[in-house]
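*Asks:* Take a look at the following structure, please.
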Amino acid sequence: MSINIKNRKASFEYQLITSFTAGISLVGTEIKSIRNSQASISDAYCLFIEKELFVRNLHIAEYINSGYENHEPKRDRKLLLKKQELKKIHGKVKEKGNSIIPLRLFINESGKAKLEISLAKGKKIYDKRESIKENDQKRDIERIKSKRL
């Protein structure tokens with residue numbers, strides 16, 4: 001069973017520049033909730049706090065079978081990256097219009113939770129219209145091909 005939680009709005013709302021894979025610092029029963037696919041990254045975003053990268057609004061639901069001590073669902077979680085990657089990202093984020101967004105939450109082969117993040121620039125309204133138009137054209141072409149077969 002593979003866990004792969006995606007942020008579907010990311011490619012529509014943002015123009016993705018580069019992506020990185022980061023580990024997440026988890027506590028308690030958070031990994032069990034992720035393995036049960038009880039997480040959401042649709043509202044999440046990343047920010048720097050004193051030269052460290054954190055993800056905010058990553059919702060990991062409370063684990064049902066835990067005792068009285070459970071984790072907070074929307075706490076800030078530290079992302080684990082190499083120093084040179086952090087410096088590179090921090091330099092790019094200082095530029096106007098760039099932000100860091102999570103694309104995908106998954107569990108790798110060794111059983112560790114990873115978050116794929118991307119350096120992104122927000123799309124303008126006309127860019128969004130253009131991407132909708134392209135998707136509609138692709139869909140129409142596929143319909144025509146399937147009717148001919």
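In the structure tokens, chains take letters A, B, ... by order of appearance, with residues numbered from 1 within each chain and ligands from 1 in the order shown.
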Write out as a ChimeraX atom specification the set of residues from chain A that DSSP, computed on the backbone, places in helix (DSSP H, G or I).

*Replies:* /A:10-13,30-35,83-93,125-148

*Asks:* Give me the residues near Ile41 (chain A) as a list in words, where near means some atom within 8 Å (using only C-alpha atoms) and where sequence neighbours in that chain fewer than 5 positions away do not count.

*Replies:*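 Here the qualifying residues turn out to be Ile5, Lys6, Asn7, Asn57, Leu58, His59, Pro102, Leu103, Arg104 and Leu105 of chain A.
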
*Asks:* For those residues, write N, CA, C and O atoms to a file as a short mmCIF file (atom, residue, chain, number, x, y, z; two decimals), in the first residue's frame.

*Replies:*
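Generated file (again03.cif):
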data_model
loop_
_atom_site.label_atom_id
_atom_site.label_comp_id
_atom_site.auth_asym_id
_atom_site.auth_seq_id
_atom_site.Cartn_x
_atom_site.Cartn_y
_atom_site.Cartn_z
N ILE A 5 -0.31 11.52 -1.08
CA ILE A 5 -1.31 12.58 -0.91
C ILE A 5 -0.84 13.79 -1.70
O ILE A 5 0.24 14.30 -1.46
N LYS A 6 -1.65 14.24 -2.67
CA LYS A 6 -1.23 15.30 -3.59
C LYS A 6 -1.98 16.60 -3.34
O LYS A 6 -3.11 16.59 -2.85
N ASN A 7 -1.34 17.70 -3.74
CA ASN A 7 -1.96 19.02 -3.74
C ASN A 7 -2.37 19.30 -5.18
O ASN A 7 -1.57 19.70 -6.00
N ASN A 57 -0.08 24.71 8.34
CA ASN A 57 -1.43 24.29 7.92
C ASN A 57 -1.43 22.92 7.25
O ASN A 57 -2.36 22.61 6.51
N LEU A 58 -0.43 22.09 7.48
CA LEU A 58 -0.47 20.71 7.04
C LEU A 58 -1.33 19.96 8.05
O LEU A 58 -0.97 19.84 9.21
N HIS A 59 -2.50 19.50 7.60
CA HIS A 59 -3.44 18.87 8.52
C HIS A 59 -3.20 17.37 8.56
O HIS A 59 -3.35 16.68 7.55
N PRO A 102 3.86 22.94 -0.82
CA PRO A 102 3.98 21.48 -0.83
C PRO A 102 3.17 20.88 -1.99
O PRO A 102 2.05 21.31 -2.26
N LEU A 103 3.77 19.93 -2.68
CA LEU A 103 3.10 19.28 -3.80
C LEU A 103 2.56 17.91 -3.45
O LEU A 103 1.48 17.54 -3.89
N ARG A 104 3.33 17.16 -2.64
CA ARG A 104 2.97 15.77 -2.42
C ARG A 104 3.54 15.29 -1.10
O ARG A 104 4.67 15.62 -0.75
N LEU A 105 2.75 14.54 -0.36
CA LEU A 105 3.17 13.90 0.89
C LEU A 105 3.18 12.40 0.63
O LEU A 105 2.17 11.86 0.18
#

*Asks:* A:Leu47, A:Arg56, A:Gln15, A:Asn70: which is nearest Val27 (chain A), counting only C-alpha atoms?

*Replies:*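 Closest residue, counting only C-alpha atoms: A:Asn70.
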
*Asks:* When you count only C-alpha atoms, which of these residues is closest to Ser19 (chain A): A:Ser42, A:Asn135, A:Ser118, A:Asn98?

*Replies:* A:Ser118

*Asks:* Could you give me, as JSON lines, every region 66-104 of chain A residue with an atom at most 12 Å from region 121-130 of chain A, plus its closest atom pair and distance in Å to one decimal, counting only C-alpha atoms, rows ordered by chain then number?

*Replies:*
{"residue": "A:Lys92", "atom": "CA", "partner": "A:Lys121", "partner_atom": "CA", "distance": 10.5}
{"residue": "A:Val93", "atom": "CA", "partner": "A:Lys121", "partner_atom": "CA", "distance": 9.6}
{"residue": "A:Glu95", "atom": "CA", "partner": "A:Lys121", "partner_atom": "CA", "distance": 10.1}
{"residue": "A:Lys96", "atom": "CA", "partner": "A:Lys121", "partner_atom": "CA", "distance": 9.0}
{"residue": "A:Gly97", "atom": "CA", "partner": "A:Lys121", "partner_atom": "CA", "distance": 5.7}
{"residue": "A:Asn98", "atom": "CA", "partner": "A:Lys121", "partner_atom": "CA", "distance": 4.7}
{"residue": "A:Ser99", "atom": "CA", "partner": "A:Lys121", "partner_atom": "CA", "distance": 6.3}
{"residue": "A:Ile100", "atom": "CA", "partner": "A:Lys121", "partner_atom": "CA", "distance": 8.6}
{"residue": "A:Ile101", "atom": "CA", "partner": "A:Lys121", "partner_atom": "CA", "distance": 9.7}

*Asks:* May I have the selected residues written with N, CA and C atoms, as a PDB file, in the first residue's frame?

*Replies:*
ATOM      1  N   LYS A  92      15.989  32.387  -3.166  1.00  0.00           N
ATOM      2  CA  LYS A  92      14.947  32.511  -4.193  1.00  0.00           C
ATOM      3  C   LYS A  92      13.642  33.060  -3.627  1.00  0.00           C
ATOM      4  N   VAL A  93      13.333  32.735  -2.367  1.00  0.00           N
ATOM      5  CA  VAL A  93      12.078  33.193  -1.755  1.00  0.00           C
ATOM      6  C   VAL A  93      12.115  34.695  -1.500  1.00  0.00           C
ATOM      7  N   GLU A  95      13.135  36.877  -3.466  1.00  0.00           N
ATOM      8  CA  GLU A  95      12.702  37.553  -4.679  1.00  0.00           C
ATOM      9  C   GLU A  95      11.193  37.738  -4.645  1.00  0.00           C
ATOM     10  N   LYS A  96      10.725  38.815  -5.244  1.00  0.00           N
ATOM     11  CA  LYS A  96       9.301  39.139  -5.208  1.00  0.00           C
ATOM     12  C   LYS A  96       8.480  38.110  -5.989  1.00  0.00           C
ATOM     13  N   GLY A  97       7.417  37.639  -5.380  1.00  0.00           N
ATOM     14  CA  GLY A  97       6.481  36.755  -6.055  1.00  0.00           C
ATOM     15  C   GLY A  97       6.756  35.275  -5.902  1.00  0.00           C
ATOM     16  N   ASN A  98       7.893  34.892  -5.336  1.00  0.00           N
ATOM     17  CA  ASN A  98       8.199  33.470  -5.166  1.00  0.00           C
ATOM     18  C   ASN A  98       7.702  32.976  -3.815  1.00  0.00           C
ATOM     19  N   SER A  99       7.228  31.743  -3.806  1.00  0.00           N
ATOM     20  CA  SER A  99       6.793  31.118  -2.566  1.00  0.00           C
ATOM     21  C   SER A  99       7.112  29.631  -2.622  1.00  0.00           C
ATOM     22  N   ILE A 100       6.988  28.982  -1.485  1.00  0.00           N
ATOM     23  CA  ILE A 100       7.264  27.554  -1.382  1.00  0.00           C
ATOM     24  C   ILE A 100       5.954  26.857  -1.061  1.00  0.00           C
ATOM     25  N   ILE A 101       5.579  25.891  -1.895  1.00  0.00           N
ATOM     26  CA  ILE A 101       4.329  25.178  -1.666  1.00  0.00           C
ATOM     27  C   ILE A 101       4.582  23.672  -1.653  1.00  0.00           C
TER      28      ILE A 101
END

*Asks:* Could you name the residues that touch Lys112 (chain A) at 12 Å or less, counting only C-alpha atoms, but leaving out those on the same chain fewer than 6 positions away, as a tab-separated table (two decimals) with C-alpha atoms, in the first residue's frame?

*Replies:*
chain	number	residue	atom	x	y	z
A	2	SER	CA	1.56	3.25	-1.10
A	3	ILE	CA	0.65	6.57	0.47
A	21	THR	CA	12.17	16.39	-1.38
A	22	ALA	CA	12.29	17.09	2.35
A	23	GLY	CA	11.89	14.95	5.42
A	24	ILE	CA	9.35	15.97	8.07
A	25	SER	CA	9.94	16.11	11.80
A	26	LEU	CA	6.96	14.25	13.25
A	30	GLU	CA	1.44	11.51	13.30
A	31	ILE	CA	3.13	8.84	11.18
A	32	LYS	CA	0.32	6.39	11.95
A	34	ILE	CA	-0.26	9.51	7.55
A	35	ARG	CA	-0.11	5.77	6.92
A	80	LEU	CA	14.58	18.53	7.05
A	105	LEU	CA	3.17	13.90	0.89
A	106	PHE	CA	4.40	10.33	0.60

*Asks:* Per DSSP on the backbone, filter region 4-136 of chain A down to the residues in strand (DSSP E or B) and report them as an MDAnalysis selection string.

*Replies:* chainID A and resid 4:6 14:24 39:40 45:49 52:56 59:60 77:80 98:107 113:122

*Asks:* Neighbouring residues of Thr29 (chain A) were defined as those with any atom within 9 Å, considering only C-alpha atoms; residues of the same chain fewer than 6 positions away were excluded. Please report them as a list in words.

*Replies:*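 Result of the neighbour search: Glu62, Tyr63, Ser66, Asn70 and His71 of chain A.
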
*Asks:* Give me a file of those residues, with N, CA, C and O atoms, as a CSV table (one decimal), in the first residue's frame.

*Replies:*
chain,number,residue,atom,x,y,z
A,62,GLU,N,-6.0,13.4,14.0
A,62,GLU,CA,-5.6,12.7,15.2
A,62,GLU,C,-5.8,11.2,15.0
A,62,GLU,O,-6.7,10.8,14.4
A,63,TYR,N,-4.9,10.4,15.6
A,63,TYR,CA,-5.0,9.0,15.4
A,63,TYR,C,-6.1,8.5,16.3
A,63,TYR,O,-6.1,8.8,17.5
A,66,SER,N,-5.2,6.1,19.6
A,66,SER,CA,-4.2,6.6,20.6
A,66,SER,C,-4.9,6.8,22.0
A,66,SER,O,-6.1,6.8,22.1
A,70,ASN,N,-2.4,12.9,22.3
A,70,ASN,CA,-2.5,12.9,20.9
A,70,ASN,C,-1.8,14.2,20.3
A,70,ASN,O,-1.7,15.2,21.0
A,71,HIS,N,-1.5,14.2,19.1
A,71,HIS,CA,-0.8,15.4,18.5
A,71,HIS,C,-1.8,16.4,18.1
A,71,HIS,O,-3.0,16.2,17.9

*Asks:* CA of Phe48 (chain A) to CA of Lys9 (chain A): how many Å, to one decimal?

*Replies:*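 Pair CA of Phe48 (chain A) / CA of Lys9 (chain A) returns 22.4 Å.
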
*Asks:* Hey, what's within 9 Å of Phe20 (chain A) if we count only C-alpha atoms and toss same-chain stuff fewer than 2 positions away? As a PDB file with N, CA, C and O atoms, in the first residue's frame, please?

*Replies:*
ATOM      1  N   THR A  18      11.260  24.863  -9.353  1.00  0.00           N
ATOM      2  CA  THR A  18      12.080  23.704  -8.995  1.00  0.00           C
ATOM      3  C   THR A  18      11.430  22.986  -7.823  1.00  0.00           C
ATOM      4  O   THR A  18      10.691  23.583  -7.042  1.00  0.00           O
ATOM      5  N   ALA A  22      11.853  16.806   0.984  1.00  0.00           N
ATOM      6  CA  ALA A  22      12.288  17.093   2.352  1.00  0.00           C
ATOM      7  C   ALA A  22      11.674  16.081   3.315  1.00  0.00           C
ATOM      8  O   ALA A  22      10.544  15.629   3.122  1.00  0.00           O
ATOM      9  N   LEU A  81      16.087  19.531   5.451  1.00  0.00           N
ATOM     10  CA  LEU A  81      16.826  19.686   4.202  1.00  0.00           C
ATOM     11  C   LEU A  81      18.293  19.963   4.522  1.00  0.00           C
ATOM     12  O   LEU A  81      18.626  20.354   5.639  1.00  0.00           O
ATOM     13  N   GLU A  85      20.753  23.460   0.370  1.00  0.00           N
ATOM     14  CA  GLU A  85      19.415  23.531  -0.223  1.00  0.00           C
ATOM     15  C   GLU A  85      18.601  24.636   0.443  1.00  0.00           C
ATOM     16  O   GLU A  85      17.891  25.389  -0.229  1.00  0.00           O
ATOM     17  N   LEU A 115       8.032  15.033   2.157  1.00  0.00           N
ATOM     18  CA  LEU A 115       7.187  16.055   1.572  1.00  0.00           C
ATOM     19  C   LEU A 115       7.919  16.631   0.370  1.00  0.00           C
ATOM     20  O   LEU A 115       9.046  17.086   0.491  1.00  0.00           O
ATOM     21  N   GLU A 116       7.276  16.561  -0.787  1.00  0.00           N
ATOM     22  CA  GLU A 116       7.851  17.162  -1.987  1.00  0.00           C
ATOM     23  C   GLU A 116       7.367  18.603  -2.032  1.00  0.00           C
ATOM     24  O   GLU A 116       6.162  18.862  -2.075  1.00  0.00           O
ATOM     25  N   ILE A 117       8.324  19.543  -1.987  1.00  0.00           N
ATOM     26  CA  ILE A 117       7.987  20.960  -2.018  1.00  0.00           C
ATOM     27  C   ILE A 117       8.505  21.562  -3.310  1.00  0.00           C
ATOM     28  O   ILE A 117       9.403  21.013  -3.943  1.00  0.00           O
ATOM     29  N   SER A 118       7.934  22.684  -3.693  1.00  0.00           N
ATOM     30  CA  SER A 118       8.348  23.326  -4.929  1.00  0.00           C
ATOM     31  C   SER A 118       8.449  24.824  -4.734  1.00  0.00           C
ATOM     32  O   SER A 118       7.623  25.432  -4.056  1.00  0.00           O
ATOM     33  N   LEU A 119       9.464  25.389  -5.346  1.00  0.00           N
ATOM     34  CA  LEU A 119       9.595  26.831  -5.420  1.00  0.00           C
ATOM     35  C   LEU A 119       8.677  27.260  -6.551  1.00  0.00           C
ATOM     36  O   LEU A 119       8.782  26.744  -7.658  1.00  0.00           O
TER      37      LEU A 119
END
